[in-house]
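Engineer: Next comes the structure file run27.cif, holding mmCIF, C-alpha atoms.
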data_start
#
loop_
_atom_site.group_PDB
_atom_site.id
_atom_site.type_symbol
_atom_site.label_atom_id
_atom_site.label_comp_id
_atom_site.auth_asym_id
_atom_site.auth_seq_id
_atom_site.Cartn_x
_atom_site.Cartn_y
_atom_site.Cartn_z
ATOM 1 C CA ALA A 1 -12.667 -26.780 3.600
ATOM 2 C CA VAL A 2 -15.095 -24.262 2.064
ATOM 3 C CA ASP A 3 -18.151 -26.210 0.899
ATOM 4 C CA GLY A 4 -21.271 -25.465 2.923
ATOM 5 C CA ARG A 5 -19.500 -22.886 5.081
ATOM 6 C CA SER A 6 -20.112 -19.152 5.392
ATOM 7 C CA ASP A 7 -17.548 -16.529 4.352
ATOM 8 C CA ALA A 8 -17.152 -15.554 8.011
ATOM 9 C CA GLU A 9 -16.292 -19.114 9.022
ATOM 10 C CA ILE A 10 -13.744 -19.467 6.224
ATOM 11 C CA ALA A 11 -12.261 -16.047 7.027
ATOM 12 C CA GLU A 12 -11.791 -17.056 10.662
ATOM 13 C CA ASP A 13 -9.762 -20.079 9.552
ATOM 14 C CA VAL A 14 -7.634 -17.976 7.194
ATOM 15 C CA VAL A 15 -6.938 -15.388 9.890
ATOM 16 C CA GLY A 16 -5.990 -18.178 12.304
ATOM 17 C CA LYS A 17 -3.492 -19.557 9.799
ATOM 18 C CA ALA A 18 -2.073 -16.071 9.269
ATOM 19 C CA LEU A 19 -1.622 -15.454 12.995
ATOM 20 C CA GLU A 20 0.179 -18.774 13.338
ATOM 21 C CA ASP A 21 2.963 -17.400 11.132
ATOM 22 C CA PHE A 22 3.606 -14.696 13.757
ATOM 23 C CA SER A 23 3.231 -16.835 16.878
ATOM 24 C CA ARG A 24 4.260 -20.452 16.163
ATOM 25 C CA GLN A 25 6.857 -21.843 18.575
ATOM 26 C CA ASN A 26 7.193 -25.470 17.406
ATOM 27 C CA GLY A 27 9.741 -24.769 14.650
ATOM 28 C CA GLU A 28 7.476 -26.004 11.840
ATOM 29 C CA PRO A 29 7.682 -24.036 8.532
ATOM 30 C CA GLY A 30 5.277 -21.120 8.169
ATOM 31 C CA ASN A 31 1.934 -21.615 6.436
ATOM 32 C CA TRP A 32 2.461 -18.973 3.741
ATOM 33 C CA LEU A 33 6.031 -20.123 3.200
ATOM 34 C CA THR A 34 4.853 -23.693 2.639
ATOM 35 C CA LEU A 35 1.998 -22.537 0.408
ATOM 36 C CA HIS A 36 4.038 -20.337 -1.932
ATOM 37 C CA THR A 37 7.466 -22.001 -2.138
ATOM 38 C CA PRO A 38 8.212 -24.343 -5.071
ATOM 39 C CA ALA A 39 9.142 -27.865 -3.893
ATOM 40 C CA LYS A 40 12.743 -27.630 -5.143
ATOM 41 C CA GLU A 41 13.447 -24.385 -3.266
ATOM 42 C CA PHE A 42 11.634 -25.658 -0.186
ATOM 43 C CA GLU A 43 13.935 -28.695 -0.050
ATOM 44 C CA MET A 44 17.060 -26.574 -0.570
ATOM 45 C CA TRP A 45 16.048 -24.054 2.102
ATOM 46 C CA ASN A 46 15.344 -26.918 4.497
ATOM 47 C CA ASP A 47 18.840 -28.356 3.898
ATOM 48 C CA LEU A 48 20.408 -24.937 4.561
ATOM 49 C CA GLY A 49 18.332 -24.286 7.685
ATOM 50 C CA LEU A 50 16.521 -21.340 6.103
ATOM 51 C CA LEU A 51 12.870 -22.344 6.561
ATOM 52 C CA VAL A 52 11.179 -19.643 8.630
ATOM 53 C CA SER A 53 8.628 -20.658 11.260
ATOM 54 C CA ASN A 54 7.740 -17.420 13.042
ATOM 55 C CA VAL A 55 8.292 -13.982 11.496
ATOM 56 C CA HIS A 56 8.516 -12.249 14.880
ATOM 57 C CA ASN A 57 11.232 -14.645 15.982
ATOM 58 C CA GLU A 58 13.255 -13.761 12.895
ATOM 59 C CA LEU A 59 13.011 -10.051 13.722
ATOM 60 C CA GLU A 60 14.197 -10.708 17.270
ATOM 61 C CA GLU A 61 17.049 -12.878 15.997
ATOM 62 C CA ALA A 62 18.115 -10.148 13.569
ATOM 63 C CA MET A 63 18.161 -7.565 16.367
ATOM 64 C CA HIS A 64 20.305 -9.832 18.543
ATOM 65 C CA ARG A 65 22.686 -10.533 15.647
ATOM 66 C CA THR A 66 23.258 -6.867 14.897
ATOM 67 C CA SER A 67 22.398 -4.315 17.589
ATOM 68 C CA GLY A 68 24.033 -6.347 20.346
ATOM 69 C CA GLY A 69 26.995 -7.404 18.252
ATOM 70 C CA ASN A 70 26.416 -11.070 19.029
ATOM 71 C CA ASP A 71 27.087 -12.435 15.550
ATOM 72 C CA ALA A 72 30.293 -11.706 13.660
ATOM 73 C CA ASP A 73 30.713 -14.729 11.400
ATOM 74 C CA PRO A 74 30.277 -13.593 7.751
ATOM 75 C CA VAL A 75 28.674 -16.838 6.543
ATOM 76 C CA ASN A 76 26.302 -16.978 9.490
ATOM 77 C CA LEU A 77 25.343 -13.337 8.968
ATOM 78 C CA LEU A 78 24.622 -13.998 5.282
ATOM 79 C CA LEU A 79 22.451 -16.981 6.176
ATOM 80 C CA GLY A 80 20.627 -14.805 8.705
ATOM 81 C CA THR A 81 20.091 -12.190 5.999
ATOM 82 C CA LEU A 82 18.577 -14.844 3.735
ATOM 83 C CA ARG A 83 16.233 -15.914 6.530
ATOM 84 C CA MET A 84 15.124 -12.288 6.966
ATOM 85 C CA GLY A 85 14.505 -12.049 3.230
ATOM 86 C CA ILE A 86 12.336 -15.164 3.345
ATOM 87 C CA ALA A 87 10.480 -13.802 6.387
ATOM 88 C CA ASP A 88 9.882 -10.541 4.536
ATOM 89 C CA GLY A 89 8.603 -12.414 1.490
ATOM 90 C CA THR A 90 6.284 -14.430 3.707
ATOM 91 C CA GLY A 91 4.753 -11.263 5.132
ATOM 92 C CA LEU A 92 4.406 -9.627 1.725
ATOM 93 C CA SER A 93 2.709 -12.698 0.249
ATOM 94 C CA MET A 94 0.305 -12.799 3.158
ATOM 95 C CA ALA A 95 -0.489 -9.080 2.914
ATOM 96 C CA THR A 96 -1.099 -9.364 -0.829
ATOM 97 C CA ASP A 97 -3.451 -12.316 -0.422
ATOM 98 C CA LEU A 98 -5.450 -10.677 2.365
ATOM 99 C CA GLN A 99 -5.686 -7.336 0.556
ATOM 100 C CA ASP A 100 -6.948 -9.048 -2.603
ATOM 101 C CA ILE A 101 -9.603 -10.833 -0.518
ATOM 102 C CA MET A 102 -10.764 -7.582 1.112
ATOM 103 C CA PHE A 103 -10.493 -5.127 -1.767
ATOM 104 C CA GLY A 104 -10.518 -7.250 -4.921
ATOM 105 C CA THR A 105 -7.814 -8.540 -7.216
ATOM 106 C CA PRO A 106 -6.207 -5.737 -9.277
ATOM 107 C CA HIS A 107 -6.618 -5.722 -13.036
ATOM 108 C CA VAL A 108 -4.644 -4.067 -15.824
ATOM 109 C CA GLN A 109 -5.914 -0.581 -16.618
ATOM 110 C CA ALA A 110 -4.706 2.711 -18.020
ATOM 111 C CA ILE A 111 -3.992 5.547 -15.586
ATOM 112 C CA GLU A 112 -2.270 8.927 -15.679
ATOM 113 C CA ALA A 113 0.904 9.644 -13.714
ATOM 114 C CA ASN A 114 3.146 12.552 -12.680
ATOM 115 C CA VAL A 115 2.460 15.910 -11.039
ATOM 116 C CA GLY A 116 0.323 17.054 -13.963
ATOM 117 C CA VAL A 117 -2.587 14.935 -12.673
ATOM 118 C CA LEU A 118 -3.382 17.685 -10.129
ATOM 119 C CA ALA A 119 -6.296 19.934 -11.099
ATOM 120 C CA LYS A 120 -6.485 23.617 -10.119
ATOM 121 C CA ASP A 121 -10.290 23.729 -9.940
ATOM 122 C CA ARG A 122 -10.784 20.479 -8.032
ATOM 123 C CA VAL A 123 -10.195 19.458 -4.426
ATOM 124 C CA ASN A 124 -6.792 17.748 -4.623
ATOM 125 C CA LEU A 125 -6.451 15.110 -1.931
ATOM 126 C CA ALA A 126 -3.154 13.209 -1.946
ATOM 127 C CA MET A 127 -2.996 9.759 -0.311
ATOM 128 C CA HIS A 128 0.515 8.898 0.916
ATOM 129 C CA GLY A 129 1.684 5.829 2.801
ATOM 130 C CA HIS A 130 0.904 2.130 2.936
ATOM 131 C CA ASN A 131 -2.425 1.378 4.639
ATOM 132 C CA PRO A 132 -4.934 0.261 1.963
ATOM 133 C CA VAL A 133 -7.864 0.335 4.414
ATOM 134 C CA LEU A 134 -7.336 4.079 4.874
ATOM 135 C CA SER A 135 -6.960 4.866 1.172
ATOM 136 C CA GLU A 136 -10.005 2.761 0.255
ATOM 137 C CA LYS A 137 -12.134 4.624 2.782
ATOM 138 C CA ILE A 138 -10.854 8.045 1.692
ATOM 139 C CA LEU A 139 -11.723 7.198 -1.914
ATOM 140 C CA GLU A 140 -15.172 5.970 -0.881
ATOM 141 C CA TRP A 141 -15.964 9.176 0.987
ATOM 142 C CA SER A 142 -14.573 11.388 -1.766
ATOM 143 C CA VAL A 143 -17.302 9.943 -3.981
ATOM 144 C CA LYS A 144 -19.972 10.391 -1.291
ATOM 145 C CA LEU A 145 -19.007 14.045 -0.702
ATOM 146 C CA GLU A 146 -18.577 15.004 -4.367
ATOM 147 C CA ASP A 147 -21.756 17.139 -4.319
ATOM 148 C CA GLU A 148 -20.558 18.890 -1.171
ATOM 149 C CA ALA A 149 -17.310 19.791 -2.940
ATOM 150 C CA ARG A 150 -19.239 21.167 -5.929
ATOM 151 C CA ALA A 151 -21.388 23.251 -3.598
ATOM 152 C CA ALA A 152 -18.150 24.719 -2.228
ATOM 153 C CA GLY A 153 -17.147 25.838 -5.737
ATOM 154 C CA ALA A 154 -14.974 22.914 -6.838
ATOM 155 C CA GLU A 155 -15.440 20.890 -10.003
ATOM 156 C CA GLY A 156 -15.163 17.734 -7.910
ATOM 157 C CA ILE A 157 -12.704 15.829 -5.732
ATOM 158 C CA ASN A 158 -9.442 14.631 -7.256
ATOM 159 C CA VAL A 159 -7.902 11.838 -5.175
ATOM 160 C CA VAL A 160 -4.309 11.203 -6.263
ATOM 161 C CA GLY A 161 -1.819 8.597 -5.113
ATOM 162 C CA VAL A 162 1.664 8.986 -3.652
ATOM 163 C CA CYS A 163 4.055 6.121 -2.955
ATOM 164 C CA CYS A 164 2.757 2.610 -2.206
ATOM 165 C CA THR A 165 -0.834 3.359 -1.232
ATOM 166 C CA GLY A 166 -1.065 5.262 -4.522
ATOM 167 C CA ASN A 167 -0.158 2.053 -6.308
ATOM 168 C CA GLU A 168 -2.949 0.234 -4.450
ATOM 169 C CA LEU A 169 -5.500 2.812 -5.622
ATOM 170 C CA SER A 170 -4.144 2.884 -9.162
ATOM 171 C CA MET A 171 -4.265 -0.843 -9.818
ATOM 172 C CA ARG A 172 -7.686 -1.363 -8.256
ATOM 173 C CA HIS A 173 -9.554 1.852 -9.075
ATOM 174 C CA GLY A 174 -7.630 3.700 -11.801
ATOM 175 C CA VAL A 175 -6.715 6.582 -9.464
ATOM 176 C CA PRO A 176 -3.953 8.772 -10.967
ATOM 177 C CA MET A 177 -0.449 8.402 -9.517
ATOM 178 C CA ALA A 178 0.841 11.887 -8.685
ATOM 179 C CA ALA A 179 4.254 11.132 -7.206
ATOM 180 C CA ASN A 180 6.643 8.553 -5.859
ATOM 181 C CA ASN A 181 8.192 8.794 -2.414
ATOM 182 C CA MET A 182 11.081 11.024 -3.561
ATOM 183 C CA GLN A 183 8.628 13.451 -5.236
ATOM 184 C CA SER A 184 6.200 13.753 -2.332
ATOM 185 C CA GLU A 185 7.431 17.162 -1.127
ATOM 186 C CA LEU A 186 7.758 18.483 -4.686
ATOM 187 C CA LEU A 187 4.039 17.752 -5.108
ATOM 188 C CA LEU A 188 3.278 20.222 -2.325
ATOM 189 C CA VAL A 189 5.298 23.011 -3.982
ATOM 190 C CA THR A 190 2.621 23.298 -6.679
ATOM 191 C CA GLY A 191 0.345 24.972 -4.121
ATOM 192 C CA ALA A 192 -2.498 22.881 -5.513
ATOM 193 C CA VAL A 193 -2.608 20.093 -2.936
ATOM 194 C CA ASP A 194 -5.376 20.853 -0.464
ATOM 195 C CA ALA A 195 -4.627 17.945 1.856
ATOM 196 C CA MET A 196 -1.998 15.225 2.061
ATOM 197 C CA VAL A 197 -3.132 12.266 4.142
ATOM 198 C CA VAL A 198 -0.343 10.074 5.533
ATOM 199 C CA ASP A 199 -0.234 6.856 7.528
ATOM 200 C CA VAL A 200 3.047 4.935 7.986
ATOM 201 C CA GLN A 201 6.494 4.755 6.357
ATOM 202 C CA CYS A 202 8.146 6.943 3.701
ATOM 203 C CA ILE A 203 6.786 10.161 5.266
ATOM 204 C CA TRP A 204 9.583 12.727 5.210
ATOM 205 C CA PRO A 205 10.059 14.626 8.499
ATOM 206 C CA GLY A 206 10.115 17.962 6.638
ATOM 207 C CA THR A 207 6.777 17.402 4.880
ATOM 208 C CA VAL A 208 4.817 19.659 7.245
ATOM 209 C CA LYS A 209 7.366 22.493 6.972
ATOM 210 C CA VAL A 210 7.029 22.433 3.187
ATOM 211 C CA ALA A 211 3.240 22.201 3.386
ATOM 212 C CA GLU A 212 3.044 25.218 5.704
ATOM 213 C CA CYS A 213 4.539 27.399 2.972
ATOM 214 C CA PHE A 214 1.560 26.620 0.744
ATOM 215 C CA ASP A 215 -1.235 26.325 3.348
ATOM 216 C CA THR A 216 -1.583 22.619 2.603
ATOM 217 C CA LYS A 217 -3.156 20.455 5.290
ATOM 218 C CA VAL A 218 -1.037 17.461 6.296
ATOM 219 C CA ILE A 219 -3.212 14.923 8.114
ATOM 220 C CA THR A 220 -1.624 12.121 10.123
ATOM 221 C CA THR A 221 -3.730 9.082 10.998
ATOM 222 C CA GLU A 222 -1.627 6.549 12.937
ATOM 223 C CA ALA A 223 -1.004 6.626 16.697
ATOM 224 C CA ASN A 224 2.730 6.050 16.162
ATOM 225 C CA VAL A 225 3.071 8.681 13.402
ATOM 226 C CA LYS A 226 2.429 12.200 14.662
ATOM 227 C CA ILE A 227 4.210 15.261 13.242
ATOM 228 C CA PRO A 228 4.310 18.693 14.945
ATOM 229 C CA GLY A 229 2.173 21.112 12.935
ATOM 230 C CA ALA A 230 0.101 18.416 11.262
ATOM 231 C CA MET A 231 -3.572 17.759 11.935
ATOM 232 C CA HIS A 232 -4.140 14.341 13.523
ATOM 233 C CA VAL A 233 -7.278 12.305 12.795
ATOM 234 C CA PRO A 234 -7.075 8.878 14.496
ATOM 235 C CA PHE A 235 -7.924 6.116 12.040
ATOM 236 C CA GLU A 236 -9.170 2.824 13.451
ATOM 237 C CA VAL A 237 -11.173 0.136 11.673
ATOM 238 C CA GLU A 238 -14.096 0.573 14.089
ATOM 239 C CA THR A 239 -14.445 4.303 13.281
ATOM 240 C CA ALA A 240 -13.074 4.297 9.728
ATOM 241 C CA ASP A 241 -16.094 5.982 8.136
ATOM 242 C CA GLU A 242 -16.201 8.841 10.639
ATOM 243 C CA ALA A 243 -12.474 9.496 10.236
ATOM 244 C CA ALA A 244 -12.564 9.347 6.424
ATOM 245 C CA GLU A 245 -15.559 11.686 6.290
ATOM 246 C CA LYS A 246 -13.766 14.211 8.520
ATOM 247 C CA ILE A 247 -10.605 14.025 6.403
ATOM 248 C CA VAL A 248 -12.407 14.605 3.097
ATOM 249 C CA ARG A 249 -14.397 17.501 4.569
ATOM 250 C CA THR A 250 -11.136 19.032 5.809
ATOM 251 C CA ALA A 251 -9.755 18.848 2.254
ATOM 252 C CA ILE A 252 -12.886 20.590 0.917
ATOM 253 C CA GLU A 253 -12.464 23.384 3.485
ATOM 254 C CA ALA A 254 -8.803 23.730 2.454
ATOM 255 C CA PHE A 255 -9.878 24.074 -1.194
ATOM 256 C CA VAL A 256 -12.143 26.986 -0.256
ATOM 257 C CA ALA A 257 -9.268 28.651 1.627
ATOM 258 C CA ARG A 258 -6.963 28.141 -1.394
ATOM 259 C CA GLN A 259 -9.030 30.258 -3.767
ATOM 260 C CA GLY A 260 -7.192 33.327 -5.035
ATOM 261 C CA LYS A 261 -3.748 31.932 -4.228
ATOM 262 C CA VAL A 262 -1.019 31.145 -6.740
ATOM 263 C CA VAL A 263 -1.083 27.590 -8.103
ATOM 264 C CA GLN A 264 1.610 26.226 -10.412
ATOM 265 C CA ILE A 265 0.889 22.756 -11.788
ATOM 266 C CA PRO A 266 3.392 21.358 -14.321
ATOM 267 C CA LYS A 267 1.772 20.050 -17.492
ATOM 268 C CA GLU A 268 3.862 16.881 -17.540
ATOM 269 C CA LYS A 269 1.953 13.649 -17.139
ATOM 270 C CA ALA A 270 2.149 10.248 -18.762
ATOM 271 C CA SER A 271 -0.197 7.433 -19.684
ATOM 272 C CA VAL A 272 0.633 4.295 -17.741
ATOM 273 C CA LEU A 273 -0.606 0.715 -17.512
ATOM 274 C CA ALA A 274 -0.991 -0.471 -13.918
ATOM 275 C CA GLY A 275 -2.264 -3.630 -12.243
ATOM 276 C CA PHE A 276 0.083 -6.301 -13.575
ATOM 277 C CA VAL A 277 -0.510 -8.909 -10.880
ATOM 278 C CA VAL A 278 -0.034 -12.603 -11.730
ATOM 279 C CA GLY A 279 -3.593 -13.357 -12.833
ATOM 280 C CA ALA A 280 -3.978 -10.142 -14.802
ATOM 281 C CA SER A 281 -0.589 -10.601 -16.493
ATOM 282 C CA ALA A 282 -1.555 -14.081 -17.617
ATOM 283 C CA GLY A 283 -4.762 -12.671 -19.087
ATOM 284 C CA VAL A 284 -2.878 -9.981 -21.022
ATOM 285 C CA LEU A 285 -0.370 -12.501 -22.372
ATOM 286 C CA SER A 286 -3.152 -14.827 -23.489
ATOM 287 C CA ASN A 287 -4.609 -11.980 -25.561
ATOM 288 C CA VAL A 288 -1.233 -11.150 -27.083
ATOM 289 C CA GLU A 289 -0.447 -14.764 -27.860
ATOM 290 C CA PRO A 290 -3.455 -17.094 -27.566
ATOM 291 C CA GLU A 291 -2.570 -20.581 -26.360
ATOM 292 C CA GLU A 292 -3.506 -22.262 -29.613
ATOM 293 C CA GLN A 293 -0.986 -20.062 -31.481
ATOM 294 C CA ARG A 294 1.945 -20.722 -29.180
ATOM 295 C CA THR A 295 4.819 -22.828 -30.437
ATOM 296 C CA PRO A 296 7.388 -24.472 -28.157
ATOM 297 C CA ARG A 297 10.760 -22.751 -27.926
ATOM 298 C CA MET A 298 13.803 -24.881 -28.704
ATOM 299 C CA ASP A 299 16.376 -22.517 -27.174
#
Would you write the structure of this file as structure tokens?
Structural biologist:
Amino acid sequence: AVDGRSDAEIAEDVVGKALEDFSRQNGEPGNWLTLHTPAKEFEMWNDLGLLVSNVHNELEEAMHRTSGGNDADPVNLLLGTLRMGIADGTGLSMATDLQDIMFGTPHVQAIEANVGVLAKDRVNLAMHGHNPVLSEKILEWSVKLEDEARAAGAEGINVVGVCCTGNELSMRHGVPMAANNMQSELLLVTGAVDAMVVDVQCIWPGTVKVAECFDTKVITTEANVKIPGAMHVPFEVETADEAAEKIVRTAIEAFVARQGKVVQIPKEKASVLAGFVVGASAGVLSNVEPEEQRTPRMD
């Protein structure tokens, strides 16, 4: 129920429902699974014993099946794999919904992509990882400290995306996508990246060694992701602004130290459309083929 209730009250209910999907012990199907699954699939999964109740339980079951060698029946292992896939989809659906609530639903927009989005005369700050709270705050403070960067001799601050958090920034804010996961170290070889900020997943162990060759600052932010040689700035929700401000200022200082050094930025870059989420895709299709012009297909 939402009528007559504050956003905070509604949010508390939503968070409670989300936490249930990681803690429920009564065997009932998960909330997000029930919400998103078409009735036909829901019935089939129920018949096959695939309905997931608690995502954490599925992870524990998977560990028991594999690391301890407790499960060796091919059919049972395949069914367990399907359950893990459904658990994964449940978590992804939940994360998408909550991120859209916090940061806004993405919309289709044109961006630029590839290494050529780096700019020699700007502070190049690469966001790499998966935590959208971190990337949103870094972007916010890059705008707030734009004048400070200009005072340091830069033409501005150029936030670019790498990997999944880059996609988040691209589809919500039009931030250029500099590299995918496999290109992340190649981005550093340009000598133009002043700071690469990382959080969790897809961070190559050799990133810092490559960065050291070009005096690029690698900044880790998560307590369980620390790399020898990298600068660590703890990032917690309660102190997000202080951490983001420190990170952006570090990138500005690195830009000043970069002056006079060799920079080689490839010219290659492409124009890309990003932000094709369900609602936005439906809007684009309605413009291409308005509903009143559609004719039923007979094939």
Engineer: Determine the residue set returned by the PyMOL selection byres ((chain A and resi 170) around 12) for the present structure, and present it as a PDB file with C-alpha atoms, keeping the file's coordinate frame.
Structural biologist:
ATOM      1  CA  PRO A 106      -6.207  -5.737  -9.277  1.00  0.00           C
ATOM      2  CA  HIS A 107      -6.618  -5.722 -13.036  1.00  0.00           C
ATOM      3  CA  VAL A 108      -4.644  -4.067 -15.824  1.00  0.00           C
ATOM      4  CA  GLN A 109      -5.914  -0.581 -16.618  1.00  0.00           C
ATOM      5  CA  ALA A 110      -4.706   2.711 -18.020  1.00  0.00           C
ATOM      6  CA  ILE A 111      -3.992   5.547 -15.586  1.00  0.00           C
ATOM      7  CA  GLU A 112      -2.270   8.927 -15.679  1.00  0.00           C
ATOM      8  CA  ALA A 113       0.904   9.644 -13.714  1.00  0.00           C
ATOM      9  CA  MET A 127      -2.996   9.759  -0.311  1.00  0.00           C
ATOM     10  CA  PRO A 132      -4.934   0.261   1.963  1.00  0.00           C
ATOM     11  CA  SER A 135      -6.960   4.866   1.172  1.00  0.00           C
ATOM     12  CA  GLU A 136     -10.005   2.761   0.255  1.00  0.00           C
ATOM     13  CA  LEU A 139     -11.723   7.198  -1.914  1.00  0.00           C
ATOM     14  CA  VAL A 159      -7.902  11.838  -5.175  1.00  0.00           C
ATOM     15  CA  VAL A 160      -4.309  11.203  -6.263  1.00  0.00           C
ATOM     16  CA  GLY A 161      -1.819   8.597  -5.113  1.00  0.00           C
ATOM     17  CA  VAL A 162       1.664   8.986  -3.652  1.00  0.00           C
ATOM     18  CA  CYS A 163       4.055   6.121  -2.955  1.00  0.00           C
ATOM     19  CA  CYS A 164       2.757   2.610  -2.206  1.00  0.00           C
ATOM     20  CA  THR A 165      -0.834   3.359  -1.232  1.00  0.00           C
ATOM     21  CA  GLY A 166      -1.065   5.262  -4.522  1.00  0.00           C
ATOM     22  CA  ASN A 167      -0.158   2.053  -6.308  1.00  0.00           C
ATOM     23  CA  GLU A 168      -2.949   0.234  -4.450  1.00  0.00           C
ATOM     24  CA  LEU A 169      -5.500   2.812  -5.622  1.00  0.00           C
ATOM     25  CA  MET A 171      -4.265  -0.843  -9.818  1.00  0.00           C
ATOM     26  CA  ARG A 172      -7.686  -1.363  -8.256  1.00  0.00           C
ATOM     27  CA  HIS A 173      -9.554   1.852  -9.075  1.00  0.00           C
ATOM     28  CA  GLY A 174      -7.630   3.700 -11.801  1.00  0.00           C
ATOM     29  CA  VAL A 175      -6.715   6.582  -9.464  1.00  0.00           C
ATOM     30  CA  PRO A 176      -3.953   8.772 -10.967  1.00  0.00           C
ATOM     31  CA  MET A 177      -0.449   8.402  -9.517  1.00  0.00           C
ATOM     32  CA  ALA A 178       0.841  11.887  -8.685  1.00  0.00           C
ATOM     33  CA  ALA A 179       4.254  11.132  -7.206  1.00  0.00           C
ATOM     34  CA  VAL A 272       0.633   4.295 -17.741  1.00  0.00           C
ATOM     35  CA  LEU A 273      -0.606   0.715 -17.512  1.00  0.00           C
ATOM     36  CA  ALA A 274      -0.991  -0.471 -13.918  1.00  0.00           C
ATOM     37  CA  GLY A 275      -2.264  -3.630 -12.243  1.00  0.00           C
ATOM     38  CA  PHE A 276       0.083  -6.301 -13.575  1.00  0.00           C
TER      39      PHE A 276
END
Engineer: Spell out the residues picked by the PyMOL selection byres ((chain A and resi 61) around 12) here, as a CSV table (one decimal) with C-alpha atoms, in the frame of the given file.
Structural biologist:
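Output file expr_4.csv follows:
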chain,number,residue,atom,x,y,z
A,52,VAL,CA,11.2,-19.6,8.6
A,54,ASN,CA,7.7,-17.4,13.0
A,55,VAL,CA,8.3,-14.0,11.5
A,56,HIS,CA,8.5,-12.2,14.9
A,57,ASN,CA,11.2,-14.6,16.0
A,58,GLU,CA,13.3,-13.8,12.9
A,59,LEU,CA,13.0,-10.1,13.7
A,60,GLU,CA,14.2,-10.7,17.3
A,62,ALA,CA,18.1,-10.1,13.6
A,63,MET,CA,18.2,-7.6,16.4
A,64,HIS,CA,20.3,-9.8,18.5
A,65,ARG,CA,22.7,-10.5,15.6
A,66,THR,CA,23.3,-6.9,14.9
A,67,SER,CA,22.4,-4.3,17.6
A,68,GLY,CA,24.0,-6.3,20.3
A,69,GLY,CA,27.0,-7.4,18.3
A,70,ASN,CA,26.4,-11.1,19.0
A,71,ASP,CA,27.1,-12.4,15.6
A,77,LEU,CA,25.3,-13.3,9.0
A,79,LEU,CA,22.5,-17.0,6.2
A,80,GLY,CA,20.6,-14.8,8.7
A,81,THR,CA,20.1,-12.2,6.0
A,83,ARG,CA,16.2,-15.9,6.5
A,84,MET,CA,15.1,-12.3,7.0
A,87,ALA,CA,10.5,-13.8,6.4
Engineer: Mind telling me what the PyMOL selection byres ((chain A and resi 26-32) around 8) catches here, as a count of residues only?
Structural biologist: 17
Engineer: Which residue, A:Val225, A:Ala126, A:Ala240, A:Lys261, has the smallest gap to Val197 (chain A) when you use all atoms listed in the file?
Structural biologist: A:Ala126
Engineer: Near Leu125 (chain A), within 8 Å and counting all atoms listed in the file, which residues show up once chain neighbours fewer than 5 positions away are dropped, as a list in words?
Structural biologist: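 Returned residues: Ile157, Asn158, Val159, Val160, Val193, Asp194, Ala195, Met196, Val197, Val248 and Ala251 of chain A.
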Engineer: Which residues are close to Thr221 (chain A), i.e. within 6 Å by only C-alpha atoms, leaving aside same-chain residues fewer than 3 positions away? Reply as a PyMOL selection string.
Structural biologist: chain A and resi 199+232-235
Engineer: Those residues you just picked out, can you put them in a file as a PDB file, in the coordinates of the input with C-alpha atoms?
Structural biologist:
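Wrote it out as again-v2.pdb, contents follow:
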ATOM      1  CA  ASP A 199      -0.234   6.856   7.528  1.00  0.00           C
ATOM      2  CA  HIS A 232      -4.140  14.341  13.523  1.00  0.00           C
ATOM      3  CA  VAL A 233      -7.278  12.305  12.795  1.00  0.00           C
ATOM      4  CA  PRO A 234      -7.075   8.878  14.496  1.00  0.00           C
ATOM      5  CA  PHE A 235      -7.924   6.116  12.040  1.00  0.00           C
TER       6      PHE A 235
END
